[in-house]
Amino acid sequence: MTNNTPLLESELTCPYCKYIKREIMPVDACQFYYECEDCKVLLRPRPGDCCVFCSFGSIKCPPVQMQACCSSSP
């Protein structure tokens, strides 16, 4: 990965049921909500994180990877 080429795939892990799902992240936005495919819980970012990928993903979101400004609240 270079500063101009973020990784776009991340594995989201539900903190409730531990279900793991590989997802493609949006390049130009943060994803504030994500419904777990297994237990149907609506995940939201942890305090201080900009999105569900930063909180529950194996890779931080593209704006954070590129050290761009990323909103810290939905």
# chains A, B, ... in the order shown; residues from 1 in each chain; ligands from 1
call {"tool": "select_by_dssp", "arguments": {"residues": "segment 26-71 of chain A", "states": "alpha helix (DSSP H)", "output": "ChimeraX atom specification"}}
result
/A:52-56,62-65
call {"tool": "residues_around", "arguments": {"residues": "Asn4 of chain A", "least_positions_apart": "5", "cutoff": "12 Å", "atoms": "only C-alpha atoms", "output": "PyMOL selection string"}}
result
chain A and resi 27+62-68
call {"tool": "closest_residue", "arguments": {"among": "A:Leu43, A:Tyr19, A:Thr5, A:Met25", "to": "Ile59 of chain A", "atoms": "only C-alpha atoms"}}
result
A:Met25
call {"tool": "closest_residue", "arguments": {"among": "A:Cys39, A:Phe32, A:Leu7, A:Lys18", "to": "Ser55 of chain A", "atoms": "only C-alpha atoms"}}
result
A:Phe32
call {"tool": "select_by_dssp", "arguments": {"residues": "segment 10-67 of chain A", "states": "strand (DSSP E)", "output": "ChimeraX atom specification"}}
result
/A:10-13,20-24,34-35,42-43
call {"tool": "write_last_selection", "arguments": {"atoms": "C-alpha atoms", "output": "PDB file, in the first residue's frame"}}
result
ATOM      1  CA  SER A  10     -11.593  -5.428   5.206  1.00  0.00           C
ATOM      2  CA  GLU A  11     -12.944  -8.249   7.335  1.00  0.00           C
ATOM      3  CA  LEU A  12     -15.607  -6.960   9.703  1.00  0.00           C
ATOM      4  CA  THR A  13     -15.965  -8.956  12.923  1.00  0.00           C
ATOM      5  CA  ILE A  20     -16.706 -12.373  10.146  1.00  0.00           C
ATOM      6  CA  LYS A  21     -17.600 -10.960   6.741  1.00  0.00           C
ATOM      7  CA  ARG A  22     -15.241  -9.622   4.083  1.00  0.00           C
ATOM      8  CA  GLU A  23     -16.508  -6.305   2.716  1.00  0.00           C
ATOM      9  CA  ILE A  24     -15.390  -3.717   0.196  1.00  0.00           C
ATOM     10  CA  TYR A  34     -23.418  -1.933   9.442  1.00  0.00           C
ATOM     11  CA  GLU A  35     -25.931  -4.705  10.117  1.00  0.00           C
ATOM     12  CA  LEU A  42     -26.681  -2.782  13.967  1.00  0.00           C
ATOM     13  CA  LEU A  43     -23.029  -1.900  14.521  1.00  0.00           C
TER      14      LEU A  43
END
call {"tool": "atom_distance", "arguments": {"atom1": "atom CA of Ala29 of chain A", "atom2": "atom CA of Cys14 of chain A"}}
result
20.8 Å
call {"tool": "atom_distance", "arguments": {"atom1": "atom CA of Lys40 of chain A", "atom2": "atom CA of Asp28 of chain A"}}
result
25.9 Å
call {"tool": "atom_distance", "arguments": {"atom1": "atom CA of Pro45 of chain A", "atom2": "atom CA of Tyr33 of chain A"}}
result
7.5 Å
call {"tool": "residues_around", "arguments": {"residues": "Arg46 of chain A", "least_positions_apart": "4", "cutoff": "9 Å", "atoms": "only C-alpha atoms", "output": "ChimeraX atom specification"}}
result
/A:50-52,54-56
call {"tool": "closest_residue", "arguments": {"among": "A:Glu37, A:Arg44, A:Tyr16, A:Cys30", "to": "Cys61 of chain A", "atoms": "only C-alpha atoms"}}
result
A:Cys30
